[in-house]
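Everything below belongs to my_file09.tsv, which stores TSV, C-alpha atoms.
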chain	number	residue	atom	x	y	z
A	1	MET	CA	-65.01	-80.02	-3.11
A	2	VAL	CA	-64.44	-82.11	0.03
A	3	LYS	CA	-65.52	-80.65	3.28
A	4	GLY	CA	-63.17	-80.80	6.22
A	5	ARG	CA	-59.56	-79.55	6.34
A	6	PRO	CA	-58.48	-76.92	3.94
A	7	LEU	CA	-56.50	-77.79	0.86
A	8	GLY	CA	-52.80	-78.33	1.64
A	9	SER	CA	-53.33	-79.05	5.32
A	10	LYS	CA	-53.19	-82.78	5.02
A	11	ASN	CA	-50.01	-83.29	7.01
A	12	LYS	CA	-50.54	-80.43	9.42
A	13	SER	CA	-51.70	-81.28	12.89
A	14	LYS	CA	-54.30	-79.25	14.57
A	15	LEU	CA	-53.48	-77.49	17.83
A	16	ASP	CA	-56.00	-78.32	20.43
A	17	HIS	CA	-57.30	-75.87	22.97
A	18	THR	CA	-55.03	-77.22	25.66
A	19	THR	CA	-51.88	-76.62	23.62
A	20	GLN	CA	-52.93	-73.12	22.74
A	21	THR	CA	-53.71	-72.43	26.34
A	22	ARG	CA	-50.24	-73.64	27.33
A	23	LEU	CA	-48.51	-71.39	24.90
A	24	ARG	CA	-50.39	-68.21	25.70
A	25	PRO	CA	-49.29	-67.85	29.38
A	26	SER	CA	-45.61	-68.12	28.43
A	27	THR	CA	-46.03	-65.27	25.98
A	28	ARG	CA	-47.80	-63.17	28.54
A	29	SER	CA	-45.23	-63.92	31.19
A	30	HIS	CA	-42.49	-62.77	28.82
A	31	GLU	CA	-44.44	-59.62	28.04
A	32	THR	CA	-45.07	-58.88	31.71
A	33	ASP	CA	-41.59	-59.79	32.89
A	34	LEU	CA	-40.57	-56.13	32.86
A	35	ASP	CA	-41.97	-54.11	35.72
A	36	PRO	CA	-44.31	-51.31	34.55
A	37	ARG	CA	-42.29	-48.75	36.48
A	38	ASP	CA	-39.11	-49.99	34.83
A	39	SER	CA	-40.79	-49.77	31.48
A	40	GLY	CA	-41.70	-46.16	32.16
A	41	ARG	CA	-38.16	-45.40	33.17
A	42	ALA	CA	-36.78	-47.07	30.07
A	43	THR	CA	-39.21	-45.17	27.89
A	44	HIS	CA	-38.26	-41.89	29.60
A	45	SER	CA	-34.60	-42.79	29.27
A	46	ARG	CA	-34.94	-43.57	25.55
A	47	LYS	CA	-36.86	-40.38	24.95
A	48	SER	CA	-34.09	-38.38	26.58
A	49	ASP	CA	-31.74	-39.62	23.83
A	50	SER	CA	-33.58	-37.52	21.27
A	51	LEU	CA	-33.39	-34.28	23.35
A	52	GLU	CA	-30.71	-31.78	22.38
A	53	SER	CA	-29.30	-29.50	25.04
A	54	PRO	CA	-28.33	-25.89	24.08
A	55	SER	CA	-24.87	-26.34	25.60
A	56	GLY	CA	-22.27	-29.00	24.83
A	57	ALA	CA	-21.84	-29.99	28.49
A	58	SER	CA	-25.60	-30.54	29.08
A	59	SER	CA	-25.88	-32.60	25.87
A	60	THR	CA	-22.95	-34.79	26.99
A	61	LEU	CA	-24.51	-35.36	30.43
A	62	THR	CA	-27.87	-36.16	28.80
A	63	GLN	CA	-26.26	-38.76	26.55
A	64	LEU	CA	-24.34	-40.16	29.51
A	65	VAL	CA	-27.49	-40.56	31.58
A	66	ALA	CA	-29.33	-42.07	28.62
A	67	GLY	CA	-26.54	-44.57	28.02
A	68	LEU	CA	-26.39	-45.51	31.66
A	69	SER	CA	-30.17	-45.93	31.75
A	70	ASP	CA	-30.12	-48.39	28.83
A	71	SER	CA	-27.25	-50.32	30.39
A	72	GLU	CA	-28.96	-50.53	33.74
A	73	LEU	CA	-32.25	-51.54	32.13
A	74	ASP	CA	-30.56	-54.37	30.25
A	75	SER	CA	-28.91	-55.49	33.46
A	76	ARG	CA	-32.24	-55.29	35.29
A	77	MET	CA	-34.03	-57.33	32.65
A	78	ALA	CA	-31.26	-59.97	32.64
A	79	SER	CA	-30.82	-60.39	36.39
A	80	ASN	CA	-34.35	-59.53	37.52
A	81	ALA	CA	-32.88	-57.32	40.32
A	82	GLU	CA	-34.95	-55.35	42.73
A	83	PRO	CA	-35.85	-51.69	41.89
A	84	ALA	CA	-34.01	-50.36	44.92
A	85	SER	CA	-30.74	-52.10	43.99
A	86	TRP	CA	-31.11	-50.88	40.40
A	87	ARG	CA	-31.44	-47.31	41.56
A	88	ASP	CA	-28.39	-47.59	43.78
A	89	ALA	CA	-26.34	-49.09	40.97
A	90	PHE	CA	-27.50	-46.32	38.62
A	91	LYS	CA	-26.57	-43.62	41.13
A	92	THR	CA	-23.18	-45.17	41.78
A	93	SER	CA	-22.40	-45.55	38.10
A	94	LEU	CA	-23.57	-42.01	37.37
A	95	CYS	CA	-21.48	-40.56	40.18
A	96	LYS	CA	-18.40	-42.41	38.92
A	97	GLU	CA	-18.88	-41.16	35.41
A	98	LEU	CA	-19.44	-37.62	36.67
A	99	GLU	CA	-16.29	-37.81	38.78
A	100	LYS	CA	-14.31	-38.99	35.78
A	101	GLY	CA	-15.74	-36.17	33.68
A	102	LEU	CA	-14.92	-33.61	36.37
A	103	GLU	CA	-11.37	-34.94	36.71
A	104	THR	CA	-10.90	-34.70	32.95
A	105	LEU	CA	-12.36	-31.21	32.94
A	106	GLU	CA	-10.11	-30.17	35.82
A	107	LYS	CA	-7.04	-31.49	34.00
A	108	ASP	CA	-8.01	-29.67	30.81
A	109	LEU	CA	-8.65	-26.46	32.70
A	110	GLY	CA	-5.33	-26.78	34.51
A	111	ALA	CA	-3.46	-27.26	31.23
A	112	ALA	CA	-5.28	-24.29	29.68
A	113	ILE	CA	-4.50	-22.11	32.72
A	114	LYS	CA	-0.82	-23.06	32.55
A	115	GLN	CA	-0.74	-22.20	28.85
A	116	LEU	CA	-2.43	-18.87	29.54
A	117	ASP	CA	0.05	-18.19	32.37
A	118	VAL	CA	2.93	-18.74	29.95
A	119	ARG	CA	1.40	-16.43	27.36
A	120	VAL	CA	0.57	-13.75	29.94
A	121	SER	CA	4.13	-13.93	31.31
A	122	SER	CA	5.50	-13.53	27.79
A	123	VAL	CA	3.23	-10.55	27.13
A	124	GLU	CA	4.19	-8.95	30.45
A	125	THR	CA	7.87	-9.41	29.68
A	126	LYS	CA	7.49	-7.80	26.26
A	127	GLN	CA	5.42	-4.99	27.73
A	128	GLU	CA	8.08	-4.34	30.34
A	129	GLU	CA	10.76	-4.28	27.64
A	130	HIS	CA	8.71	-1.82	25.59
A	131	SER	CA	8.09	0.32	28.67
A	132	ASN	CA	11.80	0.39	29.49
A	133	GLY	CA	12.55	1.22	25.87
A	134	LEU	CA	10.08	4.11	25.92
A	135	THR	CA	11.59	5.39	29.17
A	136	ARG	CA	15.08	5.30	27.68
A	137	ALA	CA	13.82	6.93	24.49
A	138	ALA	CA	12.13	9.71	26.48
A	139	ALA	CA	15.34	10.34	28.42
A	140	GLU	CA	17.35	10.43	25.19
A	141	ILE	CA	14.82	12.78	23.61
A	142	ASN	CA	15.16	15.15	26.57
A	143	ILE	CA	18.93	15.03	26.17
A	144	PHE	CA	18.60	15.72	22.44
A	145	ARG	CA	16.26	18.63	23.13
A	146	SER	CA	18.69	20.19	25.57
A	147	GLU	CA	21.52	19.66	23.08
A	148	VAL	CA	19.50	21.18	20.25
A	149	ALA	CA	18.63	24.18	22.43
A	150	PHE	CA	22.30	24.58	23.33
A	151	CYS	CA	23.30	24.30	19.67
A	152	ARG	CA	20.72	26.92	18.72
A	153	GLU	CA	22.09	29.30	21.33
A	154	GLU	CA	25.62	28.67	20.15
A	155	VAL	CA	24.70	29.17	16.50
A	156	ASN	CA	22.88	32.38	17.36
A	157	ARG	CA	25.84	33.57	19.44
A	158	LEU	CA	28.30	32.84	16.64
A	159	GLU	CA	26.05	34.55	14.11
A	160	ARG	CA	25.71	37.53	16.43
A	161	GLN	CA	29.49	37.61	16.76
A	162	SER	CA	29.90	37.57	13.00
A	163	ARG	CA	27.54	40.60	12.74
A	164	ARG	CA	29.29	42.51	15.50
A	165	CYS	CA	30.65	45.16	13.13
A	166	ASN	CA	27.56	45.39	10.88
A	167	PHE	CA	24.76	47.91	10.73
A	168	ARG	CA	21.79	48.30	8.40
A	169	VAL	CA	20.64	51.34	6.45
A	170	VAL	CA	16.84	51.42	6.07
A	171	GLY	CA	15.01	53.62	3.53
A	172	LEU	CA	17.91	54.56	1.22
A	173	ALA	CA	16.72	54.14	-2.36
A	174	GLY	CA	19.11	52.90	-5.04
A	175	LYS	CA	19.91	54.77	-8.23
A	176	SER	CA	20.46	51.77	-10.52
A	177	PRO	CA	20.76	47.98	-10.37
A	178	GLU	CA	24.50	48.27	-10.97
A	179	GLU	CA	25.05	50.69	-8.08
A	180	ASP	CA	28.21	50.62	-5.99
A	181	CYS	CA	26.94	50.22	-2.42
A	182	ALA	CA	30.31	51.07	-0.86
A	183	THR	CA	30.52	54.38	-2.73
A	184	LEU	CA	26.85	55.08	-1.94
A	185	ALA	CA	27.40	54.37	1.77
A	186	ARG	CA	30.44	56.61	1.99
A	187	SER	CA	28.93	59.48	0.02
A	188	GLN	CA	25.43	59.52	1.52
A	189	ILE	CA	25.71	57.76	4.89
A	190	LEU	CA	29.14	58.35	6.37
A	191	SER	CA	29.16	61.91	5.13
A	192	GLU	CA	26.56	62.63	7.81
A	193	PHE	CA	29.19	61.78	10.47
A	194	PRO	CA	31.94	64.34	9.83
A	195	SER	CA	33.90	63.48	12.95
A	196	ILE	CA	34.56	59.90	11.82
A	197	THR	CA	34.07	60.03	8.06
A	198	ASN	CA	37.76	59.86	7.22
A	199	THR	CA	38.62	57.23	9.84
A	200	VAL	CA	35.92	54.64	9.14
A	201	GLU	CA	36.98	51.82	6.84
A	202	ILE	CA	34.23	49.89	5.05
A	203	GLU	CA	35.07	46.18	4.67
A	204	LYS	CA	31.89	45.07	2.95
A	205	CYS	CA	28.68	46.68	1.75
A	206	TYR	CA	25.75	45.11	-0.14
A	207	ARG	CA	22.03	45.56	-0.64
A	208	GLU	CA	19.72	42.71	0.25
A	209	ARG	CA	17.77	41.14	-2.59
A	210	MET	CA	14.38	41.14	-0.87
A	211	GLY	CA	12.77	44.14	0.78
A	212	GLN	CA	9.44	45.09	2.26
A	213	PRO	CA	6.63	46.25	-0.09
A	214	ASN	CA	6.89	49.90	-1.16
A	215	MET	CA	10.27	50.19	0.58
A	216	PRO	CA	13.81	49.80	-0.79
A	217	ALA	CA	15.86	46.85	0.34
A	218	HIS	CA	18.20	47.30	3.29
A	219	ILE	CA	21.86	48.07	2.80
A	220	VAL	CA	24.19	46.07	5.07
A	221	VAL	CA	27.45	47.84	5.90
A	222	ARG	CA	30.38	46.14	7.60
A	223	VAL	CA	33.11	48.35	9.06
A	224	ALA	CA	36.59	47.28	10.04
A	225	SER	CA	36.39	48.29	13.73
A	226	HIS	CA	33.72	47.61	16.31
A	227	GLU	CA	34.56	50.98	17.95
A	228	HIS	CA	33.62	52.77	14.73
A	229	LYS	CA	30.27	50.99	14.67
A	230	VAL	CA	29.63	52.01	18.30
A	231	ASP	CA	30.41	55.64	17.44
A	232	ILE	CA	28.00	55.52	14.47
A	233	MET	CA	25.23	53.96	16.57
A	234	LYS	CA	25.66	56.61	19.28
A	235	GLN	CA	25.57	59.57	16.87
A	236	ARG	CA	22.87	58.27	14.47
A	237	ARG	CA	19.88	59.98	16.12
A	238	ASN	CA	21.31	63.48	15.87
A	239	ALA	CA	23.23	62.95	12.64
A	240	LEU	CA	20.33	61.46	10.63
A	241	LYS	CA	17.37	63.38	12.06
A	242	ASP	CA	16.82	65.28	8.78
A	243	CYS	CA	17.60	62.32	6.45
A	244	PRO	CA	14.97	60.07	4.78
A	245	PHE	CA	16.78	56.95	5.99
A	246	PHE	CA	17.94	55.66	9.37
A	247	ILE	CA	20.41	53.14	10.78
A	248	VAL	CA	19.66	50.06	12.91
A	249	ASP	CA	21.76	47.26	14.30
A	250	ASP	CA	22.18	44.13	12.17
A	251	LEU	CA	20.45	41.54	14.37
A	252	THR	CA	20.12	37.81	13.97
A	253	LYS	CA	16.73	36.28	13.31
A	254	ARG	CA	16.27	35.15	16.93
A	255	ASP	CA	17.46	38.44	18.38
A	256	LEU	CA	15.14	40.38	16.08
A	257	ALA	CA	12.18	38.24	17.21
A	258	GLU	CA	13.08	38.89	20.86
A	259	LYS	CA	13.34	42.63	20.28
A	260	ARG	CA	10.00	42.82	18.47
A	261	ARG	CA	8.39	40.84	21.26
A	262	TRP	CA	8.92	43.62	23.84
A	263	VAL	CA	9.37	46.71	21.69
A	264	SER	CA	5.99	48.23	22.63
A	265	GLN	CA	6.68	47.82	26.36
A	266	ALA	CA	10.16	49.27	25.94
A	267	LYS	CA	8.72	52.28	24.13
A	268	SER	CA	6.21	52.89	26.91
A	269	LEU	CA	9.00	52.71	29.49
A	270	TRP	CA	11.11	55.09	27.41
A	271	ASP	CA	8.30	57.63	27.35
A	272	SER	CA	7.95	57.32	31.13
A	273	GLY	CA	11.65	58.01	31.67
A	274	VAL	CA	13.07	54.47	31.87
A	275	LYS	CA	15.83	54.20	29.29
A	276	LEU	CA	16.34	50.69	27.90
A	277	ARG	CA	18.46	49.38	25.07
A	278	PHE	CA	18.66	46.07	23.26
A	279	TYR	CA	22.13	44.63	22.96
A	280	SER	CA	23.46	41.08	22.44
A	281	GLY	CA	19.96	39.64	22.43
A	282	ILE	CA	18.84	41.09	25.79
A	283	TRP	CA	17.18	44.24	27.11
A	284	SER	CA	19.30	46.16	29.59
A	285	GLY	CA	18.98	49.32	31.67
A	286	SER	CA	21.14	52.42	31.84
A	287	LEU	CA	23.64	50.70	34.13
A	288	GLY	CA	23.86	47.54	32.00
A	289	GLU	CA	21.63	45.42	34.20
A	290	ILE	CA	19.32	42.90	32.49
A	291	TYR	CA	15.72	44.03	32.38
A	292	TYR	CA	13.01	41.34	32.40
A	293	PHE	CA	9.57	42.23	31.05
A	294	GLY	CA	8.06	38.93	32.16
A	295	PRO	CA	8.78	36.72	35.20
A	296	ASN	CA	12.43	36.54	36.16
A	297	PRO	CA	13.68	33.15	34.83
Spit out the file's structure as structure tokens when you get a sec.
Amino acid sequence: MVKGRPLGSKNKSKLDHTTQTRLRPSTRSHETDLDPRDSGRATHSRKSDSLESPSGASSTLTQLVAGLSDSELDSRMASNAEPASWRDAFKTSLCKELEKGLETLEKDLGAAIKQLDVRVSSVETKQEEHSNGLTRAAAEINIFRSEVAFCREEVNRLERQSRRCNFRVVGLAGKSPEEDCATLARSQILSEFPSITNTVEIEKCYRERMGQPNMPAHIVVRVASHEHKVDIMKQRRNALKDCPFFIVDDLTKRDLAEKRRWVSQAKSLWDSGVKLRFYSGIWSGSLGEIYYFGPNP
């Protein structure tokens, strides 16, 4: 083995101490060309890239600042500008970007507000239409209610008019299912009124299908003349006082409900000397005046 240069280094020239010394300062100058403060800012700027903000706006601003910091650092390293001028340029650039972002945000908000205004106006219009429709419907319902009430009164009046010559026999038991109600009425009912027995003409007579428990069904008698019915109703108390049955007026369903509503008060007034009678759906006094048990309507 030959002492001296290593194997394979025959054509390689050795670098003397002077050459090595010349090369080292250039490397150091390149390493120290960046100001330590700028290096800290760049490091801080690059670290901020990895931070995530909880809100989208803060994250965008963080990325914007980080991007501007890298751009300004590259410009600083290329032009070797002073720190003060770099800060001013950074502030100016940041303010411009923020102004652009605010303008964009303002435009977006304005467009969203206009869209919301259109939707709110549409909703208000529809709500007003529905409100007007409900108002019209309420007015029509009130009209229908008044018309229904009028129709009920008219139907009750016509039904009352159709029963004007009728009276009911309560408590008269039947002999057989095939009984002749007209013959039964003449033989057992009208015979108790000797003054009008031969003059009363029975137009129709029938027994109702349904009756109260433990009581025979009512017999409805229709006479030809309203005057004959009035005579029977006037004489019934004295004529039928010893009979097991009695006679009442043939009332409509509404009139019967109105009579039962005040019958206890009318009985108390009768016992105290005030004579009342129920006729044509109303309570009236001895002189025909309308008697009101409740407040005068």
Determine, using all atoms listed in the file, which residues of region 199-281 of chain A have any atom at most 7 Å from an atom of region 157-163 of chain A, and tabulate each with its shortest atom pair and distance in Å to one decimal place, rows ordered by chain and then rising number, as a Markdown table.
| residue | atom | partner | partner_atom | distance |
| --- | --- | --- | --- | --- |
| A:Asp250 | CA | A:Arg163 | CA | 6.4 |
| A:Leu251 | CA | A:Arg160 | CA | 6.9 |
| A:Thr252 | CA | A:Arg160 | CA | 6.1 |
* Residues near Ala185 (chain A), cut-off 9 Å, only C-alpha atoms, skip fewer than 3 positions along chain, as an MDAnalysis selection string -> chainID A and resid 169 180:182 188:191 202 205 219 221
* Excluding region 255-267 of chain A and residues on its chain fewer than 6 positions from it, collect all residues at most 12 Å away from it, counting all atoms listed in the file, and give them as a ChimeraX atom specification. => /A:152-153,155-157,159-160,163,248-249,273-285,291-294
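Rounded to one decimal, CA of Thr197 (chain A) and CA of Asn238 (chain A) lie 15.4 Å from each other.
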* Excluding Ile247 (chain A) and any residue of its chain fewer than 5 positions from it, enumerate the residues within 8 Å of it, using all atoms listed in the file, and give them as a list in words. => Phe167, Arg168, Val169, Val170, Met233 and Arg236 of chain A
Atoms to include: C-alpha atoms. Write the selected residues as a PDB file, in the coordinates of the input.
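The resulting file, part_37.pdb, is shown below:
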ATOM      1  CA  PHE A 167      24.760  47.910  10.730  1.00  0.00           C
ATOM      2  CA  ARG A 168      21.790  48.300   8.400  1.00  0.00           C
ATOM      3  CA  VAL A 169      20.640  51.340   6.450  1.00  0.00           C
ATOM      4  CA  VAL A 170      16.840  51.420   6.070  1.00  0.00           C
ATOM      5  CA  MET A 233      25.230  53.960  16.570  1.00  0.00           C
ATOM      6  CA  ARG A 236      22.870  58.270  14.470  1.00  0.00           C
TER       7      ARG A 236
END
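Note that the spacing between CA of Ser122 (chain A) and CA of Thr135 (chain A) amounts to 19.9 Å.
Note that CA of Thr183 (chain A) and CA of Arg222 (chain A) are 13.2 Å apart.
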* Hey, what's within 9 Å of Phe245 (chain A) if we count all atoms listed in the file and toss same-chain stuff fewer than 3 positions away? As a VMD selection string, please? -> chain A and resid 169 to 173 240 to 242
